[in-house]
Structure formats: structure tokens, C-alpha cells
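Enquirer: The following file, entry-v3.csv, comprises CSV, C-alpha atoms and all ligand atoms:
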chain,number,residue,atom,x,y,z
A,7,MET,CA,16.2,57.3,3.2
A,8,THR,CA,16.8,54.3,0.9
A,9,PRO,CA,14.8,51.3,2.1
A,10,MET,CA,16.8,48.2,3.1
A,11,PRO,CA,16.8,45.5,0.4
A,12,ALA,CA,14.7,42.5,1.3
A,13,ALA,CA,16.7,39.6,2.7
A,14,THR,CA,17.7,37.2,-0.1
A,15,PRO,CA,15.8,34.0,0.2
A,16,LEU,CA,17.9,30.8,0.5
A,17,SER,CA,16.5,28.0,-1.6
A,18,ALA,CA,17.1,24.5,-2.7
A,19,ARG,CA,15.4,21.8,-4.8
A,20,VAL,CA,15.8,18.1,-4.0
A,21,PRO,CA,14.3,15.0,-5.6
A,22,GLY,CA,12.4,12.1,-4.1
A,23,ARG,CA,13.7,8.6,-4.6
A,24,VAL,CA,12.6,5.0,-5.3
A,25,ASN,CA,14.6,2.0,-4.1
A,26,LEU,CA,15.1,-0.4,-7.0
A,27,ILE,CA,16.2,-3.3,-4.8
A,28,GLY,CA,17.9,-3.9,-1.4
A,29,GLU,CA,14.8,-3.6,0.9
A,30,TRP,CA,15.0,-3.7,4.7
A,31,ILE,CA,18.8,-4.1,4.5
A,32,ASP,CA,19.9,-0.5,5.0
A,33,PHE,CA,20.4,-1.1,8.7
A,34,ASN,CA,21.5,-4.7,8.3
A,35,GLY,CA,24.8,-4.2,6.4
A,36,GLY,CA,23.5,-4.6,2.9
A,37,ILE,CA,23.8,-2.7,-0.4
A,38,VAL,CA,20.8,-0.7,-1.5
A,39,LEU,CA,20.1,0.7,-4.9
A,40,PRO,CA,17.9,3.8,-4.9
A,41,MET,CA,17.4,6.1,-7.8
A,42,THR,CA,16.1,9.7,-7.8
A,43,LEU,CA,12.7,10.6,-9.3
A,44,ASP,CA,11.8,13.5,-11.5
A,45,ARG,CA,9.7,14.8,-8.6
A,46,HIS,CA,11.1,17.4,-6.2
A,47,VAL,CA,10.6,19.4,-3.1
A,48,THR,CA,11.6,23.1,-3.1
A,49,VAL,CA,12.3,24.9,0.1
A,50,GLY,CA,12.8,28.7,0.3
A,51,LEU,CA,14.0,30.3,3.5
A,52,THR,CA,13.9,34.0,4.5
A,53,PRO,CA,15.4,35.1,7.9
A,54,ASN,CA,12.6,36.9,9.7
A,55,LYS,CA,14.6,38.5,12.6
A,56,THR,CA,12.3,37.0,15.2
A,57,ASP,CA,12.7,34.1,17.6
A,58,LYS,CA,10.0,32.1,15.7
A,59,ASP,CA,10.0,29.9,12.6
A,60,LEU,CA,7.0,30.3,10.4
A,61,ILE,CA,6.5,27.4,8.1
A,62,ARG,CA,4.1,27.1,5.1
A,63,SER,CA,3.7,24.3,2.7
A,64,ALA,CA,1.6,24.1,-0.4
A,65,GLN,CA,0.8,20.4,0.6
A,66,PHE,CA,-0.6,21.2,4.1
A,67,ALA,CA,-3.5,23.5,4.9
A,68,ASP,CA,-2.3,24.8,8.3
A,69,GLN,CA,1.0,26.6,8.9
A,70,GLY,CA,3.6,25.8,11.6
A,71,ALA,CA,4.6,28.7,13.9
A,72,PHE,CA,6.9,27.6,16.7
A,73,PRO,CA,9.7,29.2,18.9
A,74,VAL,CA,13.1,28.5,17.3
A,75,ASP,CA,14.1,26.0,20.0
A,76,ALA,CA,10.7,24.2,20.4
A,77,PRO,CA,10.9,20.4,20.4
A,78,ALA,CA,9.1,18.2,17.9
A,79,ALA,CA,5.3,18.6,18.2
A,80,GLY,CA,3.9,15.8,16.1
A,81,HIS,CA,3.2,18.4,13.4
A,82,TRP,CA,4.1,18.1,9.7
A,83,SER,CA,6.4,21.1,10.1
A,84,ASP,CA,8.7,19.1,12.5
A,85,TYR,CA,10.8,17.9,9.6
A,86,VAL,CA,11.6,21.4,8.5
A,87,ARG,CA,12.0,22.7,12.1
A,88,GLY,CA,14.4,19.9,13.0
A,89,ALA,CA,16.5,20.9,10.0
A,90,LEU,CA,16.4,24.6,10.9
A,91,GLN,CA,17.5,23.9,14.5
A,92,TYR,CA,20.4,21.8,13.1
A,93,ALA,CA,21.3,24.7,10.8
A,94,ARG,CA,21.3,27.2,13.7
A,95,ASN,CA,23.5,24.9,15.8
A,96,ALA,CA,25.9,24.7,12.9
A,97,ARG,CA,25.8,28.5,12.6
A,98,TRP,CA,24.6,28.3,9.0
A,99,ILE,CA,21.7,30.7,9.9
A,100,ALA,CA,20.8,32.7,12.9
A,101,GLY,CA,17.3,33.4,14.3
A,102,GLY,CA,13.9,32.6,13.0
A,103,VAL,CA,13.0,32.1,9.4
A,104,ASP,CA,10.0,32.1,7.1
A,105,ALA,CA,10.0,28.8,5.2
A,106,GLU,CA,8.0,28.1,2.0
A,107,ILE,CA,7.7,24.6,0.8
A,108,ALA,CA,6.3,23.2,-2.5
A,109,SER,CA,6.5,19.6,-3.7
A,110,ASP,CA,5.2,17.1,-6.2
A,111,ILE,CA,6.6,14.1,-4.3
A,112,PRO,CA,3.6,12.2,-2.8
A,113,VAL,CA,3.7,12.4,1.0
A,114,GLY,CA,3.9,9.1,2.9
A,115,ALA,CA,4.1,6.9,-0.2
A,116,GLY,CA,7.6,5.5,0.5
A,117,LEU,CA,9.2,7.9,-2.0
A,118,SER,CA,11.2,9.8,0.7
A,119,SER,CA,9.3,13.1,0.8
A,120,SER,CA,10.6,13.3,4.4
A,121,ALA,CA,14.3,13.0,3.5
A,122,ALA,CA,13.9,15.3,0.5
A,123,THR,CA,12.2,17.9,2.8
A,124,ILE,CA,15.0,17.8,5.4
A,125,VAL,CA,17.8,17.7,2.9
A,126,ALA,CA,16.3,20.6,0.9
A,127,THR,CA,15.9,22.6,4.1
A,128,LEU,CA,19.6,21.9,5.1
A,129,ARG,CA,20.7,22.8,1.6
A,130,ALA,CA,18.8,26.0,1.6
A,131,ALA,CA,20.1,27.0,5.0
A,132,SER,CA,23.7,26.3,3.9
A,133,ALA,CA,23.4,27.8,0.4
A,134,GLY,CA,26.6,29.5,-0.5
A,135,LEU,CA,28.6,27.7,2.1
A,136,SER,CA,30.9,25.7,-0.1
A,137,SER,CA,32.4,23.7,2.8
A,138,VAL,CA,29.2,21.7,3.4
A,139,GLU,CA,29.5,18.4,1.5
A,140,PRO,CA,26.5,16.4,0.3
A,141,VAL,CA,27.5,13.4,2.5
A,142,SER,CA,27.6,15.7,5.6
A,143,ILE,CA,24.1,16.9,4.6
A,144,ALA,CA,22.8,13.3,4.3
A,145,GLN,CA,24.3,12.4,7.7
A,146,ALA,CA,22.8,15.5,9.3
A,147,ALA,CA,19.4,14.7,7.7
A,148,ARG,CA,19.5,11.1,9.1
A,149,GLN,CA,20.4,12.4,12.5
A,150,ILE,CA,17.4,14.8,12.4
A,151,GLU,CA,15.0,12.0,11.4
A,152,ASN,CA,16.4,9.7,14.1
A,153,GLU,CA,16.7,12.1,16.9
A,154,PHE,CA,14.4,15.1,16.4
A,155,ILE,CA,11.6,13.2,14.7
A,156,GLY,CA,12.2,9.9,16.4
A,157,VAL,CA,12.1,7.6,13.3
A,158,PRO,CA,14.9,5.0,13.5
A,159,CYS,CA,15.6,5.0,9.8
A,160,GLY,CA,18.9,4.0,8.1
A,161,ILE,CA,21.0,6.3,5.9
A,162,MET,CA,19.7,5.2,2.5
A,163,ASP,CA,17.0,7.9,1.8
A,164,GLN,CA,19.2,10.8,2.8
A,165,MET,CA,22.1,9.6,0.7
A,166,ALA,CA,19.9,8.8,-2.2
A,167,VAL,CA,18.3,12.3,-2.4
A,168,ALA,CA,21.5,14.2,-1.5
A,169,LEU,CA,23.8,12.4,-3.9
A,170,GLY,CA,21.7,10.9,-6.7
A,171,ARG,CA,21.5,12.2,-10.2
A,172,ALA,CA,19.0,11.6,-13.0
A,173,GLY,CA,19.6,8.5,-15.2
A,174,ALA,CA,21.7,6.7,-12.6
A,175,ALA,CA,21.1,4.5,-9.5
A,176,LEU,CA,23.1,4.9,-6.4
A,177,ALA,CA,24.8,1.6,-5.3
A,178,LEU,CA,25.2,2.4,-1.6
A,179,ASP,CA,27.0,0.0,0.8
A,180,THR,CA,25.3,0.8,4.1
A,181,ARG,CA,28.1,-0.9,6.0
A,182,ASP,CA,30.6,1.9,5.4
A,183,CYS,CA,28.6,4.4,3.3
A,184,SER,CA,30.8,3.8,0.2
A,185,TYR,CA,28.9,4.4,-3.0
A,186,ARG,CA,29.0,4.6,-6.7
A,187,LEU,CA,26.5,5.9,-9.3
A,188,VAL,CA,25.6,3.2,-11.9
A,189,ASP,CA,24.1,4.5,-15.2
A,190,VAL,CA,20.7,3.0,-16.1
A,191,PRO,CA,20.6,1.9,-19.8
A,192,SER,CA,18.4,4.3,-21.8
A,193,ASP,CA,16.0,1.5,-22.8
A,194,TRP,CA,15.2,0.6,-19.2
A,195,VAL,CA,12.2,2.3,-17.6
A,196,PHE,CA,11.6,2.0,-13.8
A,197,ALA,CA,7.9,2.7,-13.5
A,198,VAL,CA,6.7,3.7,-10.0
A,199,ILE,CA,3.0,3.0,-9.4
A,200,ALA,CA,1.1,4.1,-6.3
A,201,SER,CA,-1.2,1.3,-5.3
A,202,GLY,CA,-3.9,3.6,-3.8
A,203,THR,CA,-3.6,1.5,-0.6
A,204,ARG,CA,-2.7,3.6,2.4
A,205,ARG,CA,0.2,2.5,4.5
A,206,ALA,CA,-1.8,1.3,7.6
A,207,LEU,CA,-0.1,1.3,11.0
A,208,ALA,CA,3.2,1.6,9.2
A,209,ASP,CA,5.2,3.3,12.0
A,210,GLY,CA,4.5,0.7,14.6
A,211,ARG,CA,5.1,-2.2,12.3
A,212,TYR,CA,8.3,-0.6,10.9
A,213,LYS,CA,9.6,-0.5,14.5
A,214,GLU,CA,8.5,-4.1,15.1
A,215,ARG,CA,10.1,-5.5,12.0
A,216,ARG,CA,13.3,-3.6,12.7
A,217,GLY,CA,13.4,-5.0,16.2
A,218,GLU,CA,12.9,-8.5,14.9
A,219,CYS,CA,15.9,-8.1,12.5
A,220,LEU,CA,18.1,-6.9,15.4
A,221,ALA,CA,16.9,-9.8,17.6
A,222,ALA,CA,17.6,-12.3,14.8
A,223,ALA,CA,21.1,-10.9,14.3
A,224,GLN,CA,21.8,-11.2,18.0
A,225,ALA,CA,20.4,-14.8,18.2
A,226,LEU,CA,22.6,-15.7,15.2
A,227,GLY,CA,25.7,-14.1,16.8
A,228,VAL,CA,26.4,-11.4,14.2
A,229,ASP,CA,26.4,-7.6,14.4
A,230,LEU,CA,24.7,-7.2,11.0
A,231,LEU,CA,22.0,-9.7,9.9
A,232,CYS,CA,23.3,-9.7,6.3
A,233,ASP,CA,26.4,-11.5,7.7
A,234,ALA,CA,24.5,-14.4,9.1
A,235,ASP,CA,24.5,-17.9,7.7
A,236,ILE,CA,21.1,-18.6,6.1
A,237,SER,CA,21.2,-22.3,7.1
A,238,ALA,CA,21.2,-21.3,10.8
A,239,ALA,CA,17.9,-19.3,10.4
A,240,GLY,CA,15.8,-22.5,10.8
A,241,ARG,CA,16.6,-22.7,14.5
A,242,LEU,CA,15.0,-19.3,15.2
A,243,PRO,CA,11.4,-18.7,16.2
A,244,ALA,CA,9.2,-18.5,13.0
A,245,ASN,CA,9.0,-14.7,12.8
A,246,LEU,CA,12.7,-14.1,13.3
A,247,ALA,CA,13.6,-16.9,10.9
A,248,GLY,CA,11.5,-15.2,8.2
A,249,ARG,CA,13.2,-11.8,8.8
A,250,ALA,CA,16.6,-13.5,8.6
A,251,ARG,CA,15.8,-15.3,5.4
A,252,HIS,CA,14.6,-12.1,3.8
A,253,VAL,CA,17.5,-10.0,4.9
A,254,ILE,CA,20.3,-12.5,4.1
A,255,GLY,CA,18.7,-13.3,0.7
A,256,GLU,CA,18.1,-9.7,-0.2
A,257,GLY,CA,21.8,-8.9,0.6
A,258,VAL,CA,22.8,-11.4,-2.1
A,259,ARG,CA,20.1,-10.2,-4.5
A,260,SER,CA,21.0,-6.6,-4.3
A,261,ARG,CA,24.7,-7.4,-5.0
A,262,ARG,CA,23.7,-9.4,-8.0
A,263,ALA,CA,21.4,-6.6,-9.2
A,264,VAL,CA,24.2,-4.1,-9.2
A,265,ASP,CA,26.1,-6.5,-11.5
A,266,ALA,CA,23.1,-7.0,-13.7
A,267,LEU,CA,22.6,-3.2,-14.0
A,268,SER,CA,26.3,-2.7,-14.8
A,269,GLN,CA,26.1,-5.4,-17.5
A,270,GLY,CA,22.8,-4.1,-18.9
A,271,ASP,CA,21.1,-7.4,-18.2
A,272,ARG,CA,17.5,-6.4,-17.9
A,273,PRO,CA,15.9,-9.9,-17.6
A,274,ALA,CA,18.3,-10.8,-14.8
A,275,PHE,CA,17.6,-7.5,-13.0
A,276,GLY,CA,13.9,-8.0,-13.4
A,277,ARG,CA,14.0,-11.5,-12.0
A,278,LEU,CA,15.9,-10.3,-8.9
A,279,MET,CA,13.2,-7.6,-8.3
A,280,SER,CA,10.4,-10.2,-8.5
A,281,GLU,CA,12.3,-12.6,-6.1
A,282,SER,CA,12.7,-9.6,-3.8
A,283,HIS,CA,8.9,-9.1,-3.8
A,284,ALA,CA,8.2,-12.7,-3.0
A,285,SER,CA,10.6,-12.6,-0.1
A,286,LEU,CA,9.1,-9.3,1.2
A,287,ARG,CA,5.7,-10.9,1.0
A,288,ASP,CA,6.5,-14.4,2.5
A,289,HIS,CA,9.5,-13.8,4.8
A,290,MET,CA,9.4,-10.2,5.7
A,291,GLU,CA,5.6,-10.1,5.7
A,292,VAL,CA,5.3,-6.4,4.7
A,293,SER,CA,3.1,-6.7,1.6
A,294,VAL,CA,-0.7,-6.6,1.4
A,295,PRO,CA,-3.0,-8.4,-1.0
A,296,ALA,CA,-3.8,-5.4,-3.2
A,297,ILE,CA,-0.1,-4.8,-3.8
A,298,ASP,CA,0.5,-8.5,-4.6
A,299,ALA,CA,-2.3,-8.4,-7.2
A,300,LEU,CA,-0.8,-5.2,-8.8
A,301,VAL,CA,2.7,-6.9,-8.9
A,302,ALA,CA,1.3,-10.1,-10.4
A,303,ASP,CA,-0.6,-8.1,-13.2
A,304,ALA,CA,2.4,-5.9,-13.9
A,305,LEU,CA,4.4,-9.1,-14.6
A,306,THR,CA,1.7,-10.8,-16.6
A,307,LEU,CA,1.4,-7.7,-18.8
A,308,GLY,CA,5.1,-7.8,-19.7
A,309,ALA,CA,7.2,-6.1,-17.0
A,310,ASP,CA,10.7,-7.8,-16.6
A,311,GLY,CA,10.3,-7.4,-12.8
A,312,ALA,CA,8.1,-5.9,-10.2
A,313,ARG,CA,8.1,-5.4,-6.4
A,314,ILE,CA,6.7,-3.5,-3.5
A,315,THR,CA,9.1,-0.6,-2.7
A,316,GLY,CA,9.7,1.2,0.6
A,317,ALA,CA,9.0,-0.2,4.0
A,318,GLY,CA,5.8,-1.8,2.8
A,319,PHE,CA,2.3,-2.2,4.3
A,320,GLY,CA,0.9,-0.4,1.2
A,321,GLY,CA,2.4,2.4,-0.8
A,322,CYS,CA,4.1,2.0,-4.2
A,323,ILE,CA,5.5,-0.7,-6.4
A,324,VAL,CA,8.4,-0.3,-8.8
A,325,CYS,CA,8.5,-2.2,-12.1
A,326,LEU,CA,11.2,-2.6,-14.8
A,327,VAL,CA,9.8,-2.3,-18.3
A,328,GLU,CA,11.5,-2.1,-21.7
A,329,ALA,CA,11.2,1.6,-22.8
A,330,GLY,CA,9.4,0.8,-26.1
A,331,ARG,CA,6.5,-1.0,-24.3
A,332,ALA,CA,6.2,1.1,-21.2
A,333,ALA,CA,3.2,3.3,-22.4
A,334,SER,CA,1.0,0.4,-23.6
A,335,TRP,CA,2.0,-1.7,-20.6
A,336,TRP,CA,0.8,1.1,-18.3
A,337,GLU,CA,-2.4,1.6,-20.3
A,338,ASP,CA,-3.2,-2.1,-19.8
A,339,LEU,CA,-2.3,-2.2,-16.1
A,340,SER,CA,-4.2,1.0,-15.3
A,341,SER,CA,-7.3,-0.4,-16.9
A,342,LEU,CA,-7.1,-3.4,-14.6
A,343,HIS,CA,-6.3,-1.2,-11.5
A,344,PRO,CA,-8.2,2.1,-11.9
A,345,ALA,CA,-7.1,3.3,-8.4
A,346,ALA,CA,-3.4,2.9,-9.3
A,347,GLU,CA,-1.5,6.1,-10.2
A,348,ARG,CA,1.7,6.3,-12.1
A,349,ILE,CA,4.1,8.5,-10.2
A,350,ALA,CA,7.1,8.0,-12.5
A,401,LIG,P1,7.7,9.5,3.0
A,401,LIG,O1,7.5,8.0,2.6
A,401,LIG,O2,7.0,10.3,2.0
A,401,LIG,O3,9.1,9.9,3.3
A,401,LIG,P2,7.2,10.0,5.8
A,401,LIG,O4,6.1,9.6,6.7
A,401,LIG,O5,8.6,9.5,6.1
A,401,LIG,O6,6.8,9.6,4.3
A,401,LIG,O7,7.4,11.6,5.8
A,401,LIG,C1,6.3,12.4,5.5
A,401,LIG,C2,6.4,13.7,6.3
A,401,LIG,O8,7.5,14.5,5.7
A,401,LIG,C3,5.2,14.6,6.2
A,401,LIG,O9,4.2,14.2,7.2
A,401,LIG,C4,5.8,16.0,6.5
A,401,LIG,O10,6.1,16.1,7.9
A,401,LIG,C5,7.1,15.9,5.7
A,401,LIG,N1,6.9,16.4,4.4
A,401,LIG,C6,6.9,15.7,3.2
A,401,LIG,N2,6.6,16.5,2.2
A,401,LIG,C7,6.3,17.7,2.7
A,401,LIG,C8,5.9,19.0,2.1
A,401,LIG,N3,5.7,19.1,0.8
A,401,LIG,N4,5.7,20.0,2.9
A,401,LIG,C9,6.0,19.9,4.2
A,401,LIG,N5,6.4,18.8,4.8
A,401,LIG,C10,6.5,17.7,4.1
A,402,MG,MG,10.2,9.0,4.9
Using C-alpha cells, write down the structure that the file contains.
Ligand code: ADP
Ligand code: MG
Expert:
Amino acid sequence: MTPMPAATPLSARVPGRVNLIGEWIDFNGGIVLPMTLDRHVTVGLTPNKTDKDLIRSAQFADQGAFPVDAPAAGHWSDYVRGALQYARNARWIAGGVDAEIASDIPVGAGLSSSAATIVATLRAASAGLSSVEPVSIAQAARQIENEFIGVPCGIMDQMAVALGRAGAALALDTRDCSYRLVDVPSDWVFAVIASGTRRALADGRYKERRGECLAAAQALGVDLLCDADISAAGRLPANLAGRARHVIGEGVRSRRAVDALSQGDRPAFGRLMSESHASLRDHMEVSVPAIDALVADALTLGADGARITGAGFGGCIVCLVEAGRAASWWEDLSSLHPAAERIA
């Protein structure tokens, strides 16, 4: 008897992302400007004809083995399992799968390894189904991160990794999900540097800051904090006033940054990045001293702009550097900060 051929693995490869500007405004009605990285997660799925998912990742020592309908368990494999459950509900796949994951996106560094992992799993599960649009995948991935994982994130990360392409930034209006890709001039380098500072207590503080933004919007009588009048912020309690000042100002900065990028105005884009950092430090209060020092040195050594990126409390910075000086700039910066690691 001829043996049955092995089931074809379904696979997908999805990049991580860095947000260039527009921080903390993805749920406040602002425009964000993420760009994909040359770092990727690859997910391969093989239906296993059982009622269990078996999940292995090169980045995690233990494996995840759970019944197909098991709820989130606080295990790293939750992100993959949430996506697999979504894919079964959508009838893209049936039954349990063996999932293999490999990635060079640092985990938990604010470069969206989570969204990339979910989007890659959804893409692998829907491989060959031409009716599944990238925007639908992004929306599904956000729903999984919100509802299955329980992280109240906006839509930026999922859209960035599902729709981005190398050499362009995605100008995404989070109000209506309209977007356009804006080419990055070839002599601009966005260097991404991991500070070596772990993001301490990030989850709890993310929720707290998010709650403060929503409370500030309510107190100022708007649905989306970006729409509030900055002159009214002064009558709020100090913490809410700071969040409002950051969000309203960042909404304006990110719009200007899209114009600066379109016009190839590197100094203007860099200034907006550095202003964003100051606001994240002073008004949003999501920076830490080690990151402030890294940003300051990046600028002193010749970057056009530098800022903390991601939700904050540690993690990475992103710097704009002219391509011709990027190598020597990094050599100088890394000699001052030996714990820093260049990710992109
Ligand atoms: P990030 O800033 O990298 O998105 P998150 O805390 O949002 O950090 O997401 C990290 C989680 O995403 C991990 O704990 C894990 O559950 C999942 N994940 C990321 N990369 C991988 C991987 N290579 N293999 C398996 N799971 C991954
Ligand atoms: Mg994440």
C-alpha cells in the first residue's frame, strides 16, 4: 500500500515593527507611523488530527500542549493558541495542529513580537485562502490580543506588521484605519537600539496610563483625547493634565512628521522625534533615566532625532541618522553604552 503523503505544512513569515512617531495615540484618535524591521517570525503549522495543539518555539525552552478549546493559561504559547482558535472558528483549519515558531524579533522589547506571532499564525492558517485580506488579519489579531490574551492594545501593531513593506513607513490614522505607505528616503537610517533595560512592571503601568488618557478625555468632554483643546488641560489633576498634553501634542507632531517624511526633510523629522521623547519623559512619564541618557548621547553624537519607542518603561530607542554616518555614530554610541544592542 502507498503511504499517505505527509500533510503539507502551512507557513508564514511576518516582520516586527518600530514606531517612528505617534506614541500613545493609537487609541486616542491619532496618526501613528510604524515601519517594519528586517527581523521576522516564521510560523509553520501541520494539522495533527488530534484535539490538542502542540506548540514549539525556538525562543522558549518548554513546549505548549493544550486542548484545542482551552482558554489562555498565562503561557507564552497563548498568542499562538488564540490565533489557532480564531482560525478554527473561521473554518480556515480543523482540529489540532503542531506549530513550529522561530524568530529573530526580540521578545518583549516593544518591537511587536506579539503581533507578528499572531499575524504569522493567522496567515499560516489561512495560507491559500485568497479571500482573507491583510486588514481582516490585522483586525483579527487585535481582537485576539484584546480578548484572548487580555491586553487592551490598539490596532497599530497588527496593521504595521500585516501591511508594512520594507523601505516605507505606514501612516495609519487610527480613527478610521485609513492608511498610506510613505517611502523613506534612501539616505535616512532609522537605527533601533535596545537599551538593555528591562521593561519593569510594564503591563500594570500600561493599563494605568491608558486609563488616565480615557479619564482625561472624559473630563475634557471629548471621545478621543487627540481632539481636546490643549489650553483646557491645565484644569485637570496633574497626572491627567500631563497625559493630555502629551497626547494632544503628539497628535500634532505625528501629522507634521508624515509631511516631513513625504518632503524628505530629515532635520524636521528628527526634531519632531526628539520633541516626542521629551513629552514622553515629562508629560506621559514613561521613560527611565537609562533611556534618557542613551537618547541624549545619540543626539550629541550626531543623530537628527532620537526617542524612546513602544509603550516605554525601558525597551528600545529609535534614532534617525544620515546613512553615511550611521556606522561611526553607532560605534561611538556603543562605546559609551556597552549594554546597548543595535537591533536594526
Ligand atoms: P513585544 O513588545 O515583543 O510585542 P509582548 O509582551 O507584547 O512583547 O509579547 C511577547 C509575547 O509574544 C511572548 O511572551 C510570547 O507569548 C509571544 N511571542 C513573541 N515571540 C515569540 C516566539 N518567537 N515564539 C513564541 N511566542 C512568541
Ligand atoms: Mg506586543
Enquirer: Have a look at atom CA of A:Tyr92 and atom CA of A:Thr123 and let me know their distance in Å, one decimal.
Expert: 13.7 Å
Enquirer: Would you write out, as CSV, a table of all residues in stretch 198-299 of chain A that have an atom no more than 12 Å from an atom of stretch 19-25 of chain A, listing for each the closest atom pair and the distance in Å to one decimal, considering only C-alpha atoms and ordering rows by chain and rising residue number?
Expert:
residue,atom,partner,partner_atom,distance
A:Val198,CA,A:Val24,CA,7.7
A:Ile199,CA,A:Val24,CA,10.6
A:Ala200,CA,A:Val24,CA,11.6
A:Ser260,CA,A:Asn25,CA,10.7
A:Met279,CA,A:Asn25,CA,10.6
A:Ser282,CA,A:Asn25,CA,11.8
Enquirer: Report as a ChimeraX atom specification all protein, DNA and RNA residues lying within 9 Å of A:Ala108, evaluated on only C-alpha atoms, omitting residues in the same chain fewer than 6 positions from it.
Expert: /A:46-50,62-65
Enquirer: 10 Å from ligand LIG 401 (chain A) is the threshold here; counting all atoms listed in the file, which polymer residues fall inside it? Answer as a ChimeraX atom specification.
Expert: /A:22-24,46-49,61-66,69-70,80-87,105-124,151,155,157,159,163,205,208-209,316-318,321-322
Enquirer: Please compute the atom CA of A:Gly88-atom CA of A:Glu214 distance, one decimal, in Å.
Expert: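 Going from atom CA of A:Gly88 over to atom CA of A:Glu214 covers 24.8 Å.
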Enquirer: So the first atom is atom CA of A:Asp179 and the second is atom CA of A:Val167; what is the distance between them in Å, to one decimal place?
Expert: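 Value for the atom CA of A:Asp179-atom CA of A:Val167 distance: 15.4 Å.
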Enquirer: Which residues are close to A:Leu230, i.e. within 10 Å by all atoms listed in the file, leaving aside same-chain residues fewer than 6 positions away? Reply as an MDAnalysis selection string.
Expert: chainID A and resid 31 33:36 181 219:220 222:224 253:254
Enquirer: Choose the residue, out of A:Ile150, A:Asp233, A:Ile143, A:Ala133, that has the smallest atom-to-atom separation from ligand MG 402 (chain A); count all atoms listed in the file.
Expert: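 Closest to ligand MG 402 (chain A), using all atoms listed in the file: A:Ile150.
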Enquirer: Can you tell me, as a PyMOL selection string, what residues are no more than 9 Å from stretch 300-314 of chain A when counting all atoms listed in the file, ignoring any on the same chain fewer than 2 positions away?
Expert: chain A and resi 26-27+201+272-284+286-287+292-293+295-298+316-318+320-328+331-332+335-336+338-339+342-343+346
Enquirer: Taking all atoms listed in the file into account, which of A:Val228, A:Gly101, A:Lys213, A:Ser17 comes nearest A:Thr127?
Expert: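 Nearest candidate to A:Thr127 out of A:Val228, A:Gly101, A:Lys213, A:Ser17: A:Ser17.
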Enquirer: Taking all atoms listed in the file into account, which of A:Met162, A:Leu169, A:Ala225, A:Ala244 comes nearest A:Pro140?
Expert: A:Leu169
Enquirer: What's around A:Cys183 at 10 Å? Count only C-alpha atoms, leave out sequence neighbours fewer than 6 positions away in its own chain, and write the answer as an mmCIF file with C-alpha atoms, in the coordinates of the input.
Expert:
data_model
loop_
_atom_site.group_PDB
_atom_site.id
_atom_site.type_symbol
_atom_site.label_atom_id
_atom_site.label_comp_id
_atom_site.auth_asym_id
_atom_site.auth_seq_id
_atom_site.Cartn_x
_atom_site.Cartn_y
_atom_site.Cartn_z
ATOM 1 C CA GLY A 35 24.800 -4.200 6.400
ATOM 2 C CA ILE A 37 23.800 -2.700 -0.400
ATOM 3 C CA VAL A 141 27.500 13.400 2.500
ATOM 4 C CA ILE A 161 21.000 6.300 5.900
ATOM 5 C CA MET A 162 19.700 5.200 2.500
ATOM 6 C CA MET A 165 22.100 9.600 0.700
ATOM 7 C CA ALA A 177 24.800 1.600 -5.300
#
Enquirer: Between A:Met290, A:Met41, A:Leu242, A:Val125, which is the closest to ligand MG 402 (chain A) once you count all atoms listed in the file?
Expert: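 Of all the options, A:Val125 lies closest to ligand MG 402 (chain A).
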Enquirer: Can you tell me, as an MDAnalysis selection string, what residues are no more than 12 Å from A:Arg94 when counting all atoms listed in the file, ignoring any on the same chain fewer than 2 positions away?
Expert: chainID A and resid 53 57 59 74:75 87:92 96:103 127:128 131:132
Enquirer: Any chance you could export stretch 220-235 of chain A with N, CA and C atoms, as a compact mmCIF listing (two decimals), in the first residue's frame?
Expert:
# COMPACT_ATOMS: atom_id res chain seq x y z
N LEU A 220 -8.06 57.92 29.02
CA LEU A 220 -9.51 57.85 28.85
C LEU A 220 -10.20 58.78 29.84
N ALA A 221 -9.68 58.84 31.07
CA ALA A 221 -10.26 59.74 32.08
C ALA A 221 -10.07 61.20 31.68
N ALA A 222 -8.91 61.53 31.11
CA ALA A 222 -8.66 62.92 30.68
C ALA A 222 -9.62 63.29 29.55
N ALA A 223 -9.84 62.37 28.61
CA ALA A 223 -10.77 62.65 27.51
C ALA A 223 -12.17 62.93 28.05
N GLN A 224 -12.57 62.09 28.99
CA GLN A 224 -13.92 62.25 29.56
C GLN A 224 -14.03 63.60 30.27
N ALA A 225 -13.01 63.94 31.06
CA ALA A 225 -13.04 65.20 31.80
C ALA A 225 -13.04 66.40 30.86
N LEU A 226 -12.45 66.24 29.67
CA LEU A 226 -12.39 67.36 28.73
C LEU A 226 -13.56 67.32 27.73
N GLY A 227 -14.45 66.32 27.89
CA GLY A 227 -15.67 66.28 27.09
C GLY A 227 -15.47 65.86 25.64
N VAL A 228 -14.46 65.00 25.38
CA VAL A 228 -14.25 64.50 24.01
C VAL A 228 -14.21 62.97 24.03
N ASP A 229 -14.53 62.37 22.89
CA ASP A 229 -14.44 60.91 22.79
C ASP A 229 -12.99 60.46 22.65
N LEU A 230 -12.21 61.25 21.90
CA LEU A 230 -10.82 60.90 21.63
C LEU A 230 -9.93 62.04 22.12
N LEU A 231 -8.94 61.70 22.94
CA LEU A 231 -8.16 62.74 23.61
C LEU A 231 -7.42 63.65 22.63
N CYS A 232 -7.05 63.11 21.44
CA CYS A 232 -6.38 63.96 20.44
C CYS A 232 -7.25 65.16 20.04
N ASP A 233 -8.58 65.05 20.22
CA ASP A 233 -9.49 66.13 19.80
C ASP A 233 -9.61 67.23 20.84
N ALA A 234 -9.04 67.05 22.02
CA ALA A 234 -9.24 68.03 23.09
C ALA A 234 -8.40 69.28 22.83
N ASP A 235 -8.81 70.37 23.49
CA ASP A 235 -8.12 71.66 23.38
C ASP A 235 -7.02 71.68 24.45
